[in-house]
$ cat data_25.txt   # compact mmCIF, C-alpha atoms and all ligand atoms
# COMPACT_ATOMS: atom_id res chain seq x y z
CA MET A 1 -11.33 -8.80 -10.22
CA GLU A 2 -14.35 -7.43 -8.41
CA TYR A 3 -15.17 -3.89 -7.44
CA ARG A 4 -17.56 -2.19 -5.02
CA VAL A 5 -18.65 1.44 -5.10
CA PHE A 6 -19.40 3.43 -1.93
CA SER A 7 -21.23 6.71 -1.43
CA SER A 8 -18.54 7.99 0.95
CA ALA A 9 -14.90 7.40 1.85
CA ASP A 10 -16.03 6.70 5.43
CA LYS A 11 -18.28 3.83 4.36
CA LEU A 12 -15.50 2.50 2.13
CA ALA A 13 -13.08 2.54 5.08
CA VAL A 14 -15.54 0.63 7.29
CA CYS A 15 -15.85 -2.05 4.61
CA CYS A 16 -12.06 -2.27 4.26
CA ALA A 17 -11.65 -2.47 8.04
CA ASP A 18 -14.30 -5.23 8.10
CA ILE A 19 -12.24 -7.26 5.63
CA PHE A 20 -9.08 -6.79 7.70
CA THR A 21 -10.98 -7.56 10.92
CA GLY A 22 -12.17 -10.84 9.41
CA ILE A 23 -8.60 -11.86 8.64
CA LEU A 24 -7.22 -10.68 12.00
CA LYS A 25 -9.86 -12.70 13.82
CA SER A 26 -9.56 -15.85 11.74
CA LYS A 27 -5.75 -15.99 11.84
CA LYS A 28 -4.06 -14.59 14.94
CA ASN A 29 -0.59 -14.55 13.40
CA CYS A 30 -1.66 -13.26 10.00
CA VAL A 31 0.65 -11.38 7.65
CA LEU A 32 -0.55 -8.00 6.39
CA GLY A 33 0.80 -6.07 3.42
CA LEU A 34 0.32 -2.38 4.09
CA ALA A 35 0.26 0.83 2.07
CA THR A 36 0.92 4.48 2.83
CA GLY A 37 -0.49 7.63 1.21
CA ALA A 38 -3.89 9.24 1.68
CA SER A 39 -5.98 6.26 0.57
CA PRO A 40 -5.58 3.94 3.59
CA VAL A 41 -5.67 6.59 6.36
CA LYS A 42 -9.38 6.27 7.19
CA THR A 43 -9.10 2.48 7.22
CA TYR A 44 -6.20 2.69 9.68
CA GLN A 45 -8.26 5.06 11.85
CA GLU A 46 -11.13 2.58 11.86
CA LEU A 47 -8.76 -0.29 12.74
CA ILE A 48 -7.34 1.79 15.61
CA ARG A 49 -10.90 2.40 16.91
CA ARG A 50 -11.58 -1.33 16.80
CA TYR A 51 -8.31 -2.06 18.62
CA GLU A 52 -9.20 0.51 21.31
CA ALA A 53 -12.62 -1.10 21.68
CA GLY A 54 -10.91 -4.45 22.30
CA ARG A 55 -12.28 -6.01 19.12
CA ILE A 56 -8.96 -6.74 17.41
CA SER A 57 -5.31 -7.16 18.33
CA PHE A 58 -2.10 -6.89 16.34
CA ALA A 59 0.01 -8.61 19.02
CA ASP A 60 0.80 -11.62 16.84
CA VAL A 61 0.56 -9.89 13.48
CA THR A 62 3.44 -9.37 11.05
CA THR A 63 3.34 -6.53 8.52
CA PHE A 64 5.28 -5.70 5.36
CA ASN A 65 4.99 -2.29 3.73
CA LEU A 66 4.84 -1.81 0.00
CA ASP A 67 7.54 0.79 -0.34
CA GLU A 68 9.92 3.33 1.16
CA TYR A 69 11.70 6.37 -0.22
CA CYS A 70 15.45 6.25 -0.82
CA ASP A 71 17.83 8.90 0.49
CA LEU A 72 15.50 10.09 3.25
CA PRO A 73 16.40 9.58 6.92
CA ARG A 74 14.17 6.92 8.47
CA ASN A 75 12.82 9.44 10.98
CA ASP A 76 12.12 12.16 8.43
CA LYS A 77 8.51 13.30 8.72
CA ASN A 78 7.89 12.14 5.14
CA SER A 79 9.42 8.67 5.38
CA TYR A 80 6.96 5.83 5.16
CA TYR A 81 8.47 4.50 8.40
CA THR A 82 7.25 7.69 10.10
CA PHE A 83 3.91 7.55 8.26
CA MET A 84 3.17 4.02 9.46
CA HIS A 85 4.09 4.77 13.05
CA LYS A 86 2.03 7.96 13.08
CA ASN A 87 -1.01 6.50 11.35
CA LEU A 88 -1.14 2.96 12.76
CA PHE A 89 1.74 1.31 14.61
CA ASN A 90 1.99 3.80 17.52
CA HIS A 91 -1.70 3.30 18.29
CA VAL A 92 -1.99 -0.50 18.34
CA ASP A 93 -0.21 -3.41 20.03
CA ILE A 94 1.94 -4.49 17.09
CA LYS A 95 5.48 -5.52 18.07
CA GLU A 96 8.05 -3.20 16.50
CA GLU A 97 10.13 -6.19 15.36
CA ASN A 98 7.15 -7.56 13.43
CA ALA A 99 6.54 -4.38 11.41
CA HIS A 100 8.77 -4.45 8.35
CA LEU A 101 9.63 -1.67 5.94
CA MET A 102 12.52 -1.75 3.52
CA ASP A 103 15.48 0.45 4.44
CA GLY A 104 15.58 3.08 1.71
CA ASN A 105 19.10 4.02 2.80
CA ALA A 106 20.57 0.52 2.55
CA ALA A 107 24.02 0.60 0.94
CA ASP A 108 23.04 -2.31 -1.32
CA ALA A 109 19.46 -1.69 -2.48
CA GLU A 110 19.26 -4.91 -4.47
CA LYS A 111 20.30 -6.97 -1.48
CA GLU A 112 17.84 -5.12 0.77
CA ALA A 113 14.96 -5.74 -1.65
CA ALA A 114 15.83 -9.45 -2.09
CA ALA A 115 16.08 -9.90 1.69
CA PHE A 116 12.65 -8.28 2.09
CA ASP A 117 11.06 -10.72 -0.38
CA ALA A 118 12.77 -13.61 1.41
CA MET A 119 11.41 -12.40 4.75
CA ILE A 120 7.87 -12.32 3.31
CA GLU A 121 8.29 -15.92 2.12
CA GLN A 122 9.66 -16.94 5.50
CA ALA A 123 6.65 -15.40 7.24
CA GLY A 124 4.42 -17.66 5.12
CA GLY A 125 3.45 -15.07 2.49
CA ILE A 126 1.09 -12.11 2.71
CA ASP A 127 -2.50 -12.99 3.67
CA ILE A 128 -3.91 -9.65 2.57
CA GLN A 129 -2.25 -6.80 0.69
CA LEU A 130 -3.70 -3.30 0.90
CA LEU A 131 -3.05 -1.07 -2.11
CA GLY A 132 -3.70 2.46 -3.28
CA VAL A 133 -3.24 3.43 -6.91
CA GLY A 134 -1.37 6.29 -8.54
CA ARG A 135 -3.03 8.55 -11.12
CA ASN A 136 -0.78 6.87 -13.67
CA GLY A 137 -1.88 3.40 -12.55
CA HIS A 138 1.13 2.63 -10.38
CA ILE A 139 0.78 0.17 -7.49
CA GLY A 140 3.44 0.28 -4.83
CA PHE A 141 5.93 2.36 -6.77
CA ASN A 142 5.73 0.18 -9.87
CA GLU A 143 5.53 2.93 -12.45
CA PRO A 144 4.27 2.35 -16.03
CA ALA A 145 6.97 0.30 -17.78
CA ASP A 146 7.66 -2.02 -20.69
CA ALA A 147 7.42 -5.14 -18.53
CA PHE A 148 5.99 -6.12 -15.15
CA SER A 149 8.62 -6.28 -12.44
CA ASP A 150 9.11 -9.49 -10.54
CA GLY A 151 10.64 -9.14 -7.07
CA SER A 152 11.14 -5.98 -5.00
CA PHE A 153 13.60 -3.44 -6.42
CA LYS A 154 14.87 0.14 -6.49
CA VAL A 155 12.83 2.33 -8.81
CA LYS A 156 13.18 5.80 -10.30
CA LEU A 157 9.94 7.64 -9.61
CA ASN A 158 8.32 9.26 -12.60
CA GLU A 159 7.22 12.86 -13.00
CA SER A 160 3.52 12.27 -12.31
CA THR A 161 4.35 10.56 -9.00
CA ILE A 162 6.81 13.28 -8.04
CA GLU A 163 4.19 15.93 -8.83
CA ALA A 164 1.48 14.10 -6.82
CA ASN A 165 3.63 13.49 -3.74
CA SER A 166 5.68 16.73 -3.74
CA ILE A 167 2.87 18.44 -1.82
CA TYR A 168 4.13 16.67 1.33
CA PHE A 169 7.72 17.89 0.92
CA ASP A 170 7.90 21.49 2.11
CA GLU A 171 11.47 21.34 3.48
CA ASN A 172 13.58 18.72 1.72
CA PRO A 173 13.11 18.05 -1.99
CA MET A 174 11.11 14.93 -2.74
CA PRO A 175 13.31 11.84 -3.27
CA ARG A 176 13.65 10.64 -6.86
CA TYR A 177 14.09 6.96 -5.99
CA ALA A 178 12.27 4.44 -3.83
CA LEU A 179 12.37 0.76 -2.92
CA THR A 180 9.16 -1.01 -3.80
CA MET A 181 7.65 -4.45 -3.72
CA GLY A 182 7.68 -5.76 -7.26
CA ILE A 183 4.53 -6.70 -9.16
CA GLY A 184 5.51 -10.35 -8.65
CA THR A 185 5.75 -9.78 -4.89
CA ILE A 186 2.34 -8.06 -4.77
CA MET A 187 0.67 -10.72 -6.93
CA LYS A 188 1.79 -13.49 -4.54
CA ALA A 189 -0.45 -12.03 -1.80
CA LYS A 190 -3.37 -14.38 -1.12
CA LYS A 191 -5.88 -11.54 -1.18
CA ILE A 192 -5.57 -7.98 -2.50
CA VAL A 193 -7.76 -5.00 -1.57
CA LEU A 194 -7.24 -1.70 -3.37
CA ILE A 195 -8.69 1.64 -2.27
CA ALA A 196 -9.26 4.45 -4.77
CA THR A 197 -11.11 7.67 -4.08
CA GLY A 198 -11.51 10.89 -6.03
CA GLU A 199 -11.85 11.74 -9.71
CA LYS A 200 -8.07 11.90 -10.22
CA LYS A 201 -8.06 8.09 -9.94
CA ALA A 202 -10.98 7.53 -12.33
CA GLN A 203 -8.92 7.02 -15.50
CA ALA A 204 -6.53 4.55 -13.83
CA ILE A 205 -9.52 2.64 -12.43
CA ARG A 206 -11.18 2.55 -15.85
CA GLU A 207 -8.01 1.09 -17.38
CA ALA A 208 -7.65 -1.36 -14.48
CA VAL A 209 -11.16 -2.72 -14.92
CA LYS A 210 -11.94 -2.28 -18.61
CA GLY A 211 -8.53 -2.07 -20.25
CA LYS A 212 -6.18 -4.86 -21.24
CA VAL A 213 -3.55 -6.16 -18.83
CA THR A 214 -0.45 -4.11 -19.57
CA PRO A 215 2.64 -2.93 -17.67
CA ARG A 216 1.85 0.53 -19.14
CA CYS A 217 -0.95 0.58 -16.52
CA PRO A 218 0.48 -1.56 -13.70
CA VAL A 219 -2.79 -1.79 -11.71
CA SER A 220 -4.36 -3.68 -14.65
CA VAL A 221 -2.35 -6.75 -13.55
CA LEU A 222 -4.91 -7.25 -10.78
CA GLN A 223 -7.23 -8.70 -13.45
CA ASP A 224 -4.95 -11.76 -13.28
CA HIS A 225 -5.18 -12.12 -9.48
CA PRO A 226 -7.65 -14.75 -8.20
CA ASP A 227 -8.84 -12.64 -5.24
CA ALA A 228 -8.53 -8.91 -5.90
CA LEU A 229 -11.18 -6.42 -4.81
CA LEU A 230 -11.32 -2.71 -5.65
CA LEU A 231 -13.06 -0.45 -3.12
CA LEU A 232 -14.06 2.77 -4.91
CA ASP A 233 -15.93 5.93 -4.18
CA GLU A 234 -18.32 7.28 -6.80
CA ALA A 235 -15.76 9.72 -8.21
CA ALA A 236 -13.10 7.03 -8.72
CA ALA A 237 -15.73 4.78 -10.30
CA SER A 238 -17.16 7.55 -12.50
CA LEU A 239 -15.63 6.26 -15.76
CA LEU A 240 -16.74 2.65 -15.32
C1 LIG B 301 1.92 3.86 -1.08
C2 LIG B 301 1.99 3.41 -2.47
C3 LIG B 301 1.42 4.19 -3.60
C4 LIG B 301 0.10 4.89 -3.25
C5 LIG B 301 -0.40 5.68 -4.45
C6 LIG B 301 -1.67 6.44 -4.12
O1 LIG B 301 2.54 2.96 -0.20
O2 LIG B 301 2.56 2.40 -2.70
O3 LIG B 301 1.19 3.32 -4.68
O4 LIG B 301 -0.83 3.95 -2.85
O5 LIG B 301 0.57 6.59 -4.87
O6 LIG B 301 -1.39 7.44 -3.17
P1 LIG B 301 -2.57 8.21 -2.43
O7 LIG B 301 -3.28 7.21 -1.61
O8 LIG B 301 -1.85 9.22 -1.58
O9 LIG B 301 -3.42 8.81 -3.48
$ encode --input "data_25.txt" --output "structure tokens"
Amino acid sequence: MEYRVFSSADKLAVCCADIFTGILKSKKNCVLGLATGASPVKTYQELIRRYEAGRISFADVTTFNLDEYCDLPRNDKNSYYTFMHKNLFNHVDIKEENAHLMDGNAADAEKEAAAFDAMIEQAGGIDIQLLGVGRNGHIGFNEPADAFSDGSFKVKLNESTIEANSIYFDENPMPRYALTMGIGTIMKAKKIVLIATGEKKAQAIREAVKGKVTPRCPVSVLQDHPDALLLLDEAAASLL
């Protein structure tokens, strides 16, 4: 696992967009694994700028998102479906049918998650997976646990995640469950790029880089991936 440290979140986002641009240009019908949350927003903005400048196209691209809340209407302002449309999909030429998020309201969550993993396989696997990291080391919504998860599944969010994300929920209470790609699903991606900024991520990044691989700090599993890169700002890298 490699890491790079940047003096600003803007420079970090340009580097991340460069990596995505390389893949978009080298493989027209590439498969992208995408993340929500604050971490990828600047990268999406940079990708939108490059699309508007005619440098890249998403016309033949397929995407799979890491996770989606359960028990939240798809069009709720806090659903990850809404997030992705607002922050990326509505501004580029991706085909709606090629942009996949799990349905957090599916009657059979297990079936929904298994079908999602099967769809990723059918698409040829994920060429590049973008990740953020939780303060507790979660990736996707794989919370600290006794064992690494395999395929995608329904997860109970833990208190630290609920506290971190509650700031976005001013009307409805924050959901307690989500569907997430499993660690096994994430680790199958050919390339992984993780963004972490701010001092609140510093401890998780320290454990990811210097600690042992343990499901108690899920991001540490990236040590076992053959092509994982962490893009950090100075605050997130401050304990390295
Ligand atoms: C989002 C996701 C989460 C976030 C993490 C960091 O799709 O899977 O793992 O990446 O919670 O969130 P931010 O970027 O808001 O600090």
$ closest_atom_pairs --input "data_25.txt" --of "range 142-226 of chain A" --to "range 110-130 of chain A" --cutoff "10 Å" --atoms "all atoms listed in the file" --output "JSON lines"
{"residue": "A:Gly151", "atom": "CA", "partner": "A:Asp117", "partner_atom": "CA", "distance": 6.9}
{"residue": "A:Ser152", "atom": "CA", "partner": "A:Ala113", "partner_atom": "CA", "distance": 5.1}
{"residue": "A:Phe153", "atom": "CA", "partner": "A:Ala113", "partner_atom": "CA", "distance": 5.5}
{"residue": "A:Lys154", "atom": "CA", "partner": "A:Glu110", "partner_atom": "CA", "distance": 7.0}
{"residue": "A:Leu179", "atom": "CA", "partner": "A:Ala113", "partner_atom": "CA", "distance": 7.1}
{"residue": "A:Thr180", "atom": "CA", "partner": "A:Ala113", "partner_atom": "CA", "distance": 7.8}
{"residue": "A:Met181", "atom": "CA", "partner": "A:Ala113", "partner_atom": "CA", "distance": 7.7}
{"residue": "A:Gly182", "atom": "CA", "partner": "A:Asp117", "partner_atom": "CA", "distance": 9.1}
{"residue": "A:Gly184", "atom": "CA", "partner": "A:Asp117", "partner_atom": "CA", "distance": 10.0}
{"residue": "A:Thr185", "atom": "CA", "partner": "A:Asp117", "partner_atom": "CA", "distance": 7.0}
{"residue": "A:Ile186", "atom": "CA", "partner": "A:Gln129", "partner_atom": "CA", "distance": 7.2}
{"residue": "A:Met187", "atom": "CA", "partner": "A:Gln129", "partner_atom": "CA", "distance": 9.1}
{"residue": "A:Lys188", "atom": "CA", "partner": "A:Gly125", "partner_atom": "CA", "distance": 7.4}
{"residue": "A:Ala189", "atom": "CA", "partner": "A:Ile126", "partner_atom": "CA", "distance": 4.8}
{"residue": "A:Lys190", "atom": "CA", "partner": "A:Asp127", "partner_atom": "CA", "distance": 5.1}
{"residue": "A:Lys191", "atom": "CA", "partner": "A:Ile128", "partner_atom": "CA", "distance": 4.6}
{"residue": "A:Ile192", "atom": "CA", "partner": "A:Gln129", "partner_atom": "CA", "distance": 4.8}
{"residue": "A:Val193", "atom": "CA", "partner": "A:Leu130", "partner_atom": "CA", "distance": 5.0}
{"residue": "A:Leu194", "atom": "CA", "partner": "A:Leu130", "partner_atom": "CA", "distance": 5.8}
{"residue": "A:Ile195", "atom": "CA", "partner": "A:Leu130", "partner_atom": "CA", "distance": 7.7}
$ residues_around --input "data_25.txt" --residues "range 23-26 of chain A" --least-positions-apart "4" --cutoff "7 Å" --atoms "all atoms listed in the file" --output "mmCIF file with C-alpha atoms, in the coordinates of the input"
data_model
loop_
_atom_site.group_PDB
_atom_site.id
_atom_site.type_symbol
_atom_site.label_atom_id
_atom_site.label_comp_id
_atom_site.auth_asym_id
_atom_site.auth_seq_id
_atom_site.Cartn_x
_atom_site.Cartn_y
_atom_site.Cartn_z
ATOM 1 C CA ILE A 19 -12.240 -7.260 5.630
ATOM 2 C CA CYS A 30 -1.660 -13.260 10.000
ATOM 3 C CA ILE A 56 -8.960 -6.740 17.410
#
$ residues_near_ligand --input "data_25.txt" --ligand "ligand LIG 301 (chain B)" --cutoff "6 Å" --atoms "all atoms listed in the file" --output "ChimeraX atom specification"
/A:35-39,66-67,131-134,138-141
$ residues_around --input "data_25.txt" --residues "Ala13 in chain A" --least-positions-apart "5" --cutoff "8 Å" --atoms "all atoms listed in the file" --output "list in words"
Pro40, Lys42, Thr43 and Glu46 of chain A
$ atom_distance --input "data_25.txt" --atom1 "CA of Lys77 in chain A" --atom2 "CA of Ala99 in chain A"
18.0 Å
$ closest_residue --input "data_25.txt" --among "A:Asn29, A:Thr82, A:Gln45, A:Asn165" --to "Asp10 in chain A" --atoms "all atoms listed in the file"
A:Gln45
$ residues_around --input "data_25.txt" --residues "range 216-225 of chain A" --least-positions-apart "3" --cutoff "9 Å" --atoms "all atoms listed in the file" --output "number ranges by chain"
A: 1-2, 133-134, 136-139, 142-148, 183, 187-188, 190-192, 204-205, 207-213, 228-229
$ residues_around --input "data_25.txt" --residues "Pro73 in chain A" --least-positions-apart "5" --cutoff "10 Å" --atoms "only C-alpha atoms" --output "number ranges by chain"
A: 78-79, 81-82, 103-105
$ write_last_selection --input "data_25.txt" --atoms "C-alpha atoms" --output "mmCIF file, in the coordinates of the input"
data_model
loop_
_atom_site.group_PDB
_atom_site.id
_atom_site.type_symbol
_atom_site.label_atom_id
_atom_site.label_comp_id
_atom_site.auth_asym_id
_atom_site.auth_seq_id
_atom_site.Cartn_x
_atom_site.Cartn_y
_atom_site.Cartn_z
ATOM 1 C CA ASN A 78 7.890 12.140 5.140
ATOM 2 C CA SER A 79 9.420 8.670 5.380
ATOM 3 C CA TYR A 81 8.470 4.500 8.400
ATOM 4 C CA THR A 82 7.250 7.690 10.100
ATOM 5 C CA ASP A 103 15.480 0.450 4.440
ATOM 6 C CA GLY A 104 15.580 3.080 1.710
ATOM 7 C CA ASN A 105 19.100 4.020 2.800
#
$ atom_distance --input "data_25.txt" --atom1 "CA of Glu68 in chain A" --atom2 "CA of His100 in chain A"
10.7 Å
$ residues_near_point --input "data_25.txt" --point "(-17.7, 8.2, -6.4)" --cutoff "12 Å" --atoms "all atoms listed in the file" --output "PDB file with C-alpha atoms, keeping the file's coordinate frame"
ATOM      1  CA  ARG A   4     -17.560  -2.190  -5.020  1.00  0.00           C
ATOM      2  CA  VAL A   5     -18.650   1.440  -5.100  1.00  0.00           C
ATOM      3  CA  PHE A   6     -19.400   3.430  -1.930  1.00  0.00           C
ATOM      4  CA  SER A   7     -21.230   6.710  -1.430  1.00  0.00           C
ATOM      5  CA  SER A   8     -18.540   7.990   0.950  1.00  0.00           C
ATOM      6  CA  ALA A   9     -14.900   7.400   1.850  1.00  0.00           C
ATOM      7  CA  LYS A  11     -18.280   3.830   4.360  1.00  0.00           C
ATOM      8  CA  LEU A  12     -15.500   2.500   2.130  1.00  0.00           C
ATOM      9  CA  ILE A 195      -8.690   1.640  -2.270  1.00  0.00           C
ATOM     10  CA  ALA A 196      -9.260   4.450  -4.770  1.00  0.00           C
ATOM     11  CA  THR A 197     -11.110   7.670  -4.080  1.00  0.00           C
ATOM     12  CA  GLY A 198     -11.510  10.890  -6.030  1.00  0.00           C
ATOM     13  CA  GLU A 199     -11.850  11.740  -9.710  1.00  0.00           C
ATOM     14  CA  LYS A 200      -8.070  11.900 -10.220  1.00  0.00           C
ATOM     15  CA  LYS A 201      -8.060   8.090  -9.940  1.00  0.00           C
ATOM     16  CA  ALA A 202     -10.980   7.530 -12.330  1.00  0.00           C
ATOM     17  CA  ILE A 205      -9.520   2.640 -12.430  1.00  0.00           C
ATOM     18  CA  LEU A 231     -13.060  -0.450  -3.120  1.00  0.00           C
ATOM     19  CA  LEU A 232     -14.060   2.770  -4.910  1.00  0.00           C
ATOM     20  CA  ASP A 233     -15.930   5.930  -4.180  1.00  0.00           C
ATOM     21  CA  GLU A 234     -18.320   7.280  -6.800  1.00  0.00           C
ATOM     22  CA  ALA A 235     -15.760   9.720  -8.210  1.00  0.00           C
ATOM     23  CA  ALA A 236     -13.100   7.030  -8.720  1.00  0.00           C
ATOM     24  CA  ALA A 237     -15.730   4.780 -10.300  1.00  0.00           C
ATOM     25  CA  SER A 238     -17.160   7.550 -12.500  1.00  0.00           C
ATOM     26  CA  LEU A 239     -15.630   6.260 -15.760  1.00  0.00           C
ATOM     27  CA  LEU A 240     -16.740   2.650 -15.320  1.00  0.00           C
TER      28      LEU A 240
END
$ atom_distance --input "data_25.txt" --atom1 "CA of Ala59 in chain A" --atom2 "CA of Leu230 in chain A"
27.8 Å
$ closest_residue --input "data_25.txt" --among "A:Asn158, A:Thr21, A:Ser166, A:Asn98" --to "Gly54 in chain A" --atoms "all atoms listed in the file"
A:Thr21
